[in-house]
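Trainee: Just my_file00.cif, nothing more (mmCIF, C-alpha atoms):
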data_upload
#
loop_
_atom_site.group_PDB
_atom_site.id
_atom_site.type_symbol
_atom_site.label_atom_id
_atom_site.label_comp_id
_atom_site.auth_asym_id
_atom_site.auth_seq_id
_atom_site.Cartn_x
_atom_site.Cartn_y
_atom_site.Cartn_z
ATOM 1 C CA MET A 1 0.000 0.000 0.000
ATOM 2 C CA SER A 2 2.877 2.426 0.678
ATOM 3 C CA ALA A 3 4.119 2.444 -2.949
ATOM 4 C CA GLY A 4 1.420 4.836 -4.211
ATOM 5 C CA ARG A 5 -0.445 7.448 -2.230
ATOM 6 C CA PRO A 6 -1.287 5.688 1.046
ATOM 7 C CA ALA A 7 -3.760 8.271 2.381
ATOM 8 C CA GLU A 8 -5.851 8.147 -0.779
ATOM 9 C CA GLU A 9 -5.600 4.346 -0.914
ATOM 10 C CA THR A 10 -6.762 4.131 2.697
ATOM 11 C CA ALA A 11 -9.749 6.348 1.909
ATOM 12 C CA ALA A 12 -10.594 4.242 -1.152
ATOM 13 C CA ARG A 13 -10.461 1.096 0.985
ATOM 14 C CA PHE A 14 -13.133 2.508 3.308
ATOM 15 C CA GLY A 15 -15.263 4.069 0.564
ATOM 16 C CA ASP A 16 -16.649 7.587 0.149
ATOM 17 C CA ASP A 17 -19.528 6.928 2.508
ATOM 18 C CA ARG A 18 -17.042 6.414 5.396
ATOM 19 C CA VAL A 19 -13.919 8.434 4.455
ATOM 20 C CA ARG A 20 -13.692 11.375 2.058
ATOM 21 C CA THR A 21 -10.438 12.714 0.649
ATOM 22 C CA THR A 22 -9.675 16.327 -0.204
ATOM 23 C CA GLU A 23 -6.454 18.029 -1.156
ATOM 24 C CA SER A 24 -5.712 21.679 -0.603
ATOM 25 C CA TYR A 25 -2.378 23.429 -1.033
ATOM 26 C CA GLY A 26 -0.625 20.087 -1.363
ATOM 27 C CA GLU A 27 -2.009 18.736 1.916
ATOM 28 C CA THR A 28 -4.224 15.668 1.939
ATOM 29 C CA THR A 29 -7.145 15.567 4.363
ATOM 30 C CA LEU A 30 -9.209 12.508 5.200
ATOM 31 C CA ASP A 31 -12.641 13.227 6.648
ATOM 32 C CA VAL A 32 -13.879 10.251 8.650
ATOM 33 C CA THR A 33 -17.665 10.526 8.471
ATOM 34 C CA GLY A 34 -18.375 8.577 11.652
ATOM 35 C CA PRO A 35 -16.475 8.455 14.934
ATOM 36 C CA GLY A 36 -16.865 4.658 14.868
ATOM 37 C CA ASP A 37 -14.323 4.460 12.030
ATOM 38 C CA TRP A 38 -11.791 6.796 13.710
ATOM 39 C CA ILE A 39 -9.494 4.128 15.180
ATOM 40 C CA GLU A 40 -9.701 1.858 12.137
ATOM 41 C CA VAL A 41 -8.667 4.697 9.794
ATOM 42 C CA LEU A 42 -5.812 5.818 12.075
ATOM 43 C CA THR A 43 -4.572 2.226 12.298
ATOM 44 C CA ALA A 44 -4.690 1.778 8.517
ATOM 45 C CA LEU A 45 -2.721 4.992 8.030
ATOM 46 C CA ARG A 46 -0.128 3.954 10.607
ATOM 47 C CA ASP A 47 0.263 0.584 8.900
ATOM 48 C CA SER A 48 0.741 2.313 5.523
ATOM 49 C CA GLY A 49 3.671 4.420 6.717
ATOM 50 C CA TYR A 50 2.206 7.347 8.675
ATOM 51 C CA VAL A 51 4.001 6.293 11.843
ATOM 52 C CA PHE A 52 4.647 9.734 13.352
ATOM 53 C CA PHE A 53 1.759 11.170 15.350
ATOM 54 C CA ASP A 54 2.357 14.922 15.327
ATOM 55 C CA TRP A 55 -0.660 16.467 17.070
ATOM 56 C CA LEU A 56 -4.380 16.244 17.779
ATOM 57 C CA THR A 57 -6.758 19.050 18.660
ATOM 58 C CA GLY A 58 -10.367 20.124 18.585
ATOM 59 C CA VAL A 59 -12.121 22.834 16.615
ATOM 60 C CA ASP A 60 -15.349 24.271 17.985
ATOM 61 C CA GLU A 61 -17.961 24.416 15.212
ATOM 62 C CA PRO A 62 -21.131 25.760 16.835
ATOM 63 C CA PRO A 63 -23.961 25.154 17.119
ATOM 64 C CA GLU A 64 -23.791 21.371 16.819
ATOM 65 C CA THR A 65 -20.295 19.866 16.507
ATOM 66 C CA PHE A 66 -16.662 19.696 17.442
ATOM 67 C CA VAL A 67 -14.195 18.651 14.777
ATOM 68 C CA ILE A 68 -11.292 16.547 16.012
ATOM 69 C CA VAL A 69 -8.176 16.842 13.842
ATOM 70 C CA ALA A 70 -5.048 14.674 13.939
ATOM 71 C CA HIS A 71 -1.879 15.344 11.955
ATOM 72 C CA LEU A 72 0.149 12.292 10.919
ATOM 73 C CA TYR A 73 3.485 12.144 9.128
ATOM 74 C CA ASP A 74 5.301 9.525 7.030
ATOM 75 C CA PRO A 75 9.014 10.184 7.727
ATOM 76 C CA VAL A 76 10.250 7.845 4.963
ATOM 77 C CA ALA A 77 8.223 9.354 2.118
ATOM 78 C CA CYS A 78 8.055 12.848 3.721
ATOM 79 C CA ARG A 79 4.259 12.968 3.462
ATOM 80 C CA ARG A 80 1.673 14.238 5.850
ATOM 81 C CA VAL A 81 -2.056 13.842 6.242
ATOM 82 C CA LEU A 82 -4.768 15.492 8.314
ATOM 83 C CA VAL A 83 -7.460 13.168 9.638
ATOM 84 C CA ARG A 84 -10.716 14.760 10.819
ATOM 85 C CA THR A 85 -13.978 13.622 12.292
ATOM 86 C CA SER A 86 -16.931 15.351 13.936
ATOM 87 C CA VAL A 87 -18.540 14.668 17.286
ATOM 88 C CA PRO A 88 -21.785 16.194 18.575
ATOM 89 C CA ARG A 89 -21.503 19.084 21.048
ATOM 90 C CA ALA A 90 -24.236 17.611 23.224
ATOM 91 C CA GLU A 91 -22.189 14.481 24.049
ATOM 92 C CA PRO A 92 -18.704 14.747 22.557
ATOM 93 C CA HIS A 93 -17.200 11.242 22.688
ATOM 94 C CA LEU A 94 -14.518 9.678 20.501
ATOM 95 C CA PRO A 95 -12.518 6.452 20.913
ATOM 96 C CA SER A 96 -9.022 7.069 22.252
ATOM 97 C CA ALA A 97 -6.141 6.748 19.779
ATOM 98 C CA VAL A 98 -3.590 5.998 22.511
ATOM 99 C CA GLY A 99 -3.615 2.309 21.540
ATOM 100 C CA VAL A 100 -2.623 3.275 17.986
ATOM 101 C CA PHE A 101 -0.255 6.177 18.723
ATOM 102 C CA ARG A 102 1.227 6.554 22.216
ATOM 103 C CA GLY A 103 1.770 10.249 21.469
ATOM 104 C CA ALA A 104 -1.989 10.799 21.407
ATOM 105 C CA ASP A 105 -2.114 10.585 25.215
ATOM 106 C CA TRP A 106 -1.115 14.167 26.013
ATOM 107 C CA HIS A 107 -3.075 15.664 23.105
ATOM 108 C CA GLU A 108 -6.285 13.856 24.045
ATOM 109 C CA ARG A 109 -5.945 15.033 27.642
ATOM 110 C CA GLU A 110 -5.479 18.607 26.456
ATOM 111 C CA THR A 111 -8.461 18.404 24.078
ATOM 112 C CA TYR A 112 -10.558 16.908 26.877
ATOM 113 C CA GLU A 113 -9.617 19.731 29.235
ATOM 114 C CA MET A 114 -10.003 22.586 26.756
ATOM 115 C CA PHE A 115 -13.106 21.422 24.835
ATOM 116 C CA GLY A 116 -14.740 18.747 27.002
ATOM 117 C CA VAL A 117 -14.368 15.988 24.400
ATOM 118 C CA VAL A 118 -14.243 12.601 26.159
ATOM 119 C CA PHE A 119 -11.875 10.034 24.665
ATOM 120 C CA ASP A 120 -13.359 6.659 25.542
ATOM 121 C CA GLY A 121 -10.756 4.126 26.651
ATOM 122 C CA HIS A 122 -8.080 6.717 27.445
ATOM 123 C CA PRO A 123 -5.852 5.341 30.233
ATOM 124 C CA ASN A 124 -5.626 8.590 32.261
ATOM 125 C CA LEU A 125 -8.113 11.215 31.098
ATOM 126 C CA VAL A 126 -7.503 13.835 33.796
ATOM 127 C CA PRO A 127 -6.927 17.600 33.595
ATOM 128 C CA LEU A 128 -3.481 18.571 32.435
ATOM 129 C CA LEU A 129 -3.017 22.347 32.208
ATOM 130 C CA LEU A 130 -5.637 24.312 34.108
ATOM 131 C CA PRO A 131 -5.541 24.972 37.861
ATOM 132 C CA ASP A 132 -7.481 22.695 40.203
ATOM 133 C CA GLY A 133 -11.117 23.664 40.493
ATOM 134 C CA PHE A 134 -11.252 25.428 37.115
ATOM 135 C CA GLU A 135 -14.776 25.292 35.726
ATOM 136 C CA GLY A 136 -15.646 25.215 32.058
ATOM 137 C CA TYR A 137 -13.832 24.585 28.805
ATOM 138 C CA PRO A 138 -11.870 27.687 27.782
ATOM 139 C CA LEU A 139 -11.509 26.924 24.069
ATOM 140 C CA ARG A 140 -15.219 26.522 23.459
ATOM 141 C CA LYS A 141 -16.670 29.504 21.653
ATOM 142 C CA ASP A 142 -19.437 29.824 24.227
ATOM 143 C CA PHE A 143 -16.958 30.134 27.121
ATOM 144 C CA ILE A 144 -17.266 33.551 28.759
ATOM 145 C CA LEU A 145 -13.994 35.090 29.817
ATOM 146 C CA ALA A 146 -14.004 36.565 33.300
ATOM 147 C CA ALA A 147 -13.778 40.331 33.291
ATOM 148 C CA ARG A 148 -10.899 41.870 35.166
ATOM 149 C CA VAL A 149 -10.330 45.402 36.349
ATOM 150 C CA ALA A 150 -8.571 47.427 33.706
ATOM 151 C CA LYS A 151 -5.436 48.868 35.226
ATOM 152 C CA ALA A 152 -2.926 51.025 33.436
ATOM 153 C CA TRP A 153 0.387 49.353 32.835
ATOM 154 C CA PRO A 154 3.135 51.311 34.608
ATOM 155 C CA GLY A 155 5.305 51.367 31.507
ATOM 156 C CA ALA A 156 2.575 52.889 29.368
ATOM 157 C CA LYS A 157 4.009 56.370 29.748
ATOM 158 C CA GLU A 158 6.616 57.879 27.493
ATOM 159 C CA PRO A 159 10.012 58.747 28.947
ATOM 160 C CA GLY A 160 9.824 62.079 30.757
ATOM 161 C CA GLU A 161 6.060 61.809 31.374
ATOM 162 C CA SER A 162 6.469 60.501 34.876
ATOM 163 C CA GLY A 163 3.917 61.852 37.290
ATOM 164 C CA HIS A 164 6.249 61.661 40.276
ATOM 165 C CA GLY A 165 8.838 64.245 39.219
ATOM 166 C CA ALA A 166 11.630 61.874 38.283
ATOM 167 C CA PRO A 167 14.011 63.165 35.637
ATOM 168 C CA SER A 168 13.401 62.075 32.078
ATOM 169 C CA ARG A 169 15.780 59.759 30.299
ATOM 170 C CA ARG A 170 18.669 61.225 28.353
ATOM 171 C CA ARG A 171 17.602 61.895 24.809
ATOM 172 C CA THR A 172 19.856 60.290 22.249
ATOM 173 C CA LEU A 173 21.139 62.075 19.185
ATOM 174 C CA PRO A 174 20.653 60.672 15.708
ATOM 175 C CA PRO A 175 23.494 58.514 14.361
ATOM 176 C CA GLY A 176 26.498 60.507 13.112
ATOM 177 C CA VAL A 177 25.740 63.668 15.110
ATOM 178 C CA PRO A 178 28.662 64.660 17.382
ATOM 179 C CA ALA A 179 27.957 64.519 21.116
ATOM 180 C CA ASP A 180 28.743 68.240 21.572
ATOM 181 C CA TRP A 181 26.510 69.384 18.716
ATOM 182 C CA GLY A 182 24.162 72.104 19.755
ATOM 183 C CA THR A 183 25.745 72.786 23.154
ATOM 184 C CA ALA A 184 26.976 76.247 24.079
ATOM 185 C CA PRO A 185 30.763 76.656 24.360
ATOM 186 C CA ASP A 186 32.154 77.296 27.819
ATOM 187 C CA ALA A 187 32.999 80.987 28.321
#
Turn this file's structure into C-alpha cells for me.

Mentor:
Amino acid sequence: MSAGRPAEETAARFGDDRVRTTESYGETTLDVTGPGDWIEVLTALRDSGYVFFDWLTGVDEPPETFVIVAHLYDPVACRRVLVRTSVPRAEPHLPSAVGVFRGADWHERETYEMFGVVFDGHPNLVPLLLPDGFEGYPLRKDFILAARVAKAWPGAKEPGESGHGAPSRRRTLPPGVPADWGTAPDA
C-alpha cells in the first residue's frame, strides 16, 4: 500500500460513505464521516507508513459539533495527512487513539480539558493544564472570559512623562551627530 499514495488508498479502501479525501495546497485531508471508524482509519494509516503522530486538537464548530483533527506524518516518504472527524456538542465522545499512537495521550488530555471531548478508553483522562477547580472549557466559543479590572500598565508612559517628578531619560542624538553638537561653548 505504501508504494502509491497511502492516504488516498486508505480512503478508497473505506469508501466515500465512510472516508472522504480532499487536497488543498498540497495537503491531503481525510474526513472520517463517523467516529466509529476513527481508530480503524488511524490504524490503517499507521500501517501504511504514517508512523509519526504529530498532534491532535479540537475545533469548535457551533452550534452542533466539534471537529477533532489529527496530523500524521510519514518520515520515509516525507508525506503528511490530516485526519478529521466530527462529534456532537451535546455528548462529545470519541474512541481514544492511545492504543494506535502513544503520542496521542497528552493531546487527548489537552483536548478533553479545553473542549470537554471525552476520549473513551483513554488510560488517564484527567486535567493537564488548568488549575485545580477550574470550571468550564476555555476553548469553546461559548466560554465567557471573566472580566478583570482594567489597570494602566506602569510602563505605558513615554520617557519624561512621569507623574512623580523623576528626571526624564537622556535623549539620544541621531546617528552621526557629534555629542557636543548644539551645546553652548564654555565661556

Trainee: Selection in question (the file shown): the PyMOL selection byres ((chain A and resi 141) around 10). Which residues does it include, as a CSV table (one decimal) with C-alpha atoms, keeping the file's coordinate frame?

Mentor:
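Output contents, as saved in result-v5.csv:
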chain,number,residue,atom,x,y,z
A,59,VAL,CA,-12.1,22.8,16.6
A,60,ASP,CA,-15.3,24.3,18.0
A,61,GLU,CA,-18.0,24.4,15.2
A,62,PRO,CA,-21.1,25.8,16.8
A,63,PRO,CA,-24.0,25.2,17.1
A,115,PHE,CA,-13.1,21.4,24.8
A,137,TYR,CA,-13.8,24.6,28.8
A,138,PRO,CA,-11.9,27.7,27.8
A,139,LEU,CA,-11.5,26.9,24.1
A,140,ARG,CA,-15.2,26.5,23.5
A,142,ASP,CA,-19.4,29.8,24.2
A,143,PHE,CA,-17.0,30.1,27.1
A,144,ILE,CA,-17.3,33.6,28.8

Trainee: If I take atom CA of Tyr73 of chain A and atom CA of Pro92 of chain A, how far is one from the other in Å, to one decimal?

Mentor: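 Computing it gives 26.1 Å between the two atoms.
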
Trainee: Rank nothing, just name the residue among A:Phe52, A:His71, A:Val126, A:Gly133 nearest to Arg102 of chain A, using only C-alpha atoms.

Mentor: A:Phe52

Trainee: Rounded to one decimal place, report the atom CA of Val76 of chain A-atom CA of Tyr50 of chain A distance in Å.

Mentor: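 If I compute the distance from atom CA of Val76 of chain A to atom CA of Tyr50 of chain A, I get 8.9 Å.
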
Trainee: Please determine, counting all atoms listed in the file, which residue among A:Phe14, A:Tyr25, A:Phe101, A:Phe66 has the shortest atom-to-atom distance to Arg46 of chain A.

Mentor: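 The closest residue to Arg46 of chain A is A:Phe101.
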
Trainee: Starting from the displayed file, determine the output of the PyMOL selection byres ((chain A and resi 118) around 12) and express the residue list as a PyMOL selection string.

Mentor: chain A and resi 58+66+68+87-97+107-117+119-127

Trainee: To one decimal place in Å, what is the distance between atom CA of Arg80 of chain A and atom CA of Leu128 of chain A?

Mentor: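 Interatomic distance here is 27.4 Å.
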
Trainee: Starting from the shown file, work through the PyMOL selection byres ((chain A and resi 26-29) around 10) and note down what comes out as a list in words.

Mentor: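 Here the PyMOL selection byres ((chain A and resi 26-29) around 10) matches Arg5, Ala7, Glu8, Ala11, Val19, Arg20, Thr21, Thr22, Glu23, Ser24, Tyr25, Leu30, Asp31, Val32, Val69, Ala70, His71, Arg79, Arg80, Val81, Leu82, Val83 and Arg84 of chain A.
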
Trainee: Take the residues just selected and output them with C-alpha atoms as an mmCIF file, in the frame of the given file.

Mentor:
data_model
loop_
_atom_site.group_PDB
_atom_site.id
_atom_site.type_symbol
_atom_site.label_atom_id
_atom_site.label_comp_id
_atom_site.auth_asym_id
_atom_site.auth_seq_id
_atom_site.Cartn_x
_atom_site.Cartn_y
_atom_site.Cartn_z
ATOM 1 C CA ARG A 5 -0.445 7.448 -2.230
ATOM 2 C CA ALA A 7 -3.760 8.271 2.381
ATOM 3 C CA GLU A 8 -5.851 8.147 -0.779
ATOM 4 C CA ALA A 11 -9.749 6.348 1.909
ATOM 5 C CA VAL A 19 -13.919 8.434 4.455
ATOM 6 C CA ARG A 20 -13.692 11.375 2.058
ATOM 7 C CA THR A 21 -10.438 12.714 0.649
ATOM 8 C CA THR A 22 -9.675 16.327 -0.204
ATOM 9 C CA GLU A 23 -6.454 18.029 -1.156
ATOM 10 C CA SER A 24 -5.712 21.679 -0.603
ATOM 11 C CA TYR A 25 -2.378 23.429 -1.033
ATOM 12 C CA LEU A 30 -9.209 12.508 5.200
ATOM 13 C CA ASP A 31 -12.641 13.227 6.648
ATOM 14 C CA VAL A 32 -13.879 10.251 8.650
ATOM 15 C CA VAL A 69 -8.176 16.842 13.842
ATOM 16 C CA ALA A 70 -5.048 14.674 13.939
ATOM 17 C CA HIS A 71 -1.879 15.344 11.955
ATOM 18 C CA ARG A 79 4.259 12.968 3.462
ATOM 19 C CA ARG A 80 1.673 14.238 5.850
ATOM 20 C CA VAL A 81 -2.056 13.842 6.242
ATOM 21 C CA LEU A 82 -4.768 15.492 8.314
ATOM 22 C CA VAL A 83 -7.460 13.168 9.638
ATOM 23 C CA ARG A 84 -10.716 14.760 10.819
#

Trainee: Could you work out an axis-aligned bounding box for all listed atoms of segment 92-99 of chain A, with 4 Å added on each of the six sides, and give its centre and edge lengths in Å to one decimal, as AutoDock Vina command-line options?

Mentor:
--center_x -11.1 --center_y 8.5 --center_z 21.2 --size_x 23.1 --size_y 20.4 --size_z 10.9

Trainee: Kindly indicate which residue among A:Thr10, A:Phe53, A:Gly15, A:Ser86 lies nearest to Pro35 of chain A, using only C-alpha atoms for the distances.

Mentor: A:Ser86

Trainee: Which is closest to Leu42 of chain A among A:Val177, A:Leu72, A:Leu145, A:Leu129, if we use only C-alpha atoms?

Mentor: A:Leu72

Trainee: Could you check the closest approach to Trp106 of chain A for each of A:Thr33, A:Thr43, A:Thr85, A:Thr57 and tell me which residue wins, using only C-alpha atoms?

Mentor: A:Thr57

Trainee: Pick out the closest residue to Ala12 of chain A from this set: A:Ala179, A:Val67, A:Val41, A:Val51. Count all atoms listed in the file.

Mentor: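 Looking only at the distances to Ala12 of chain A, the closest residue turns out to be A:Val41.
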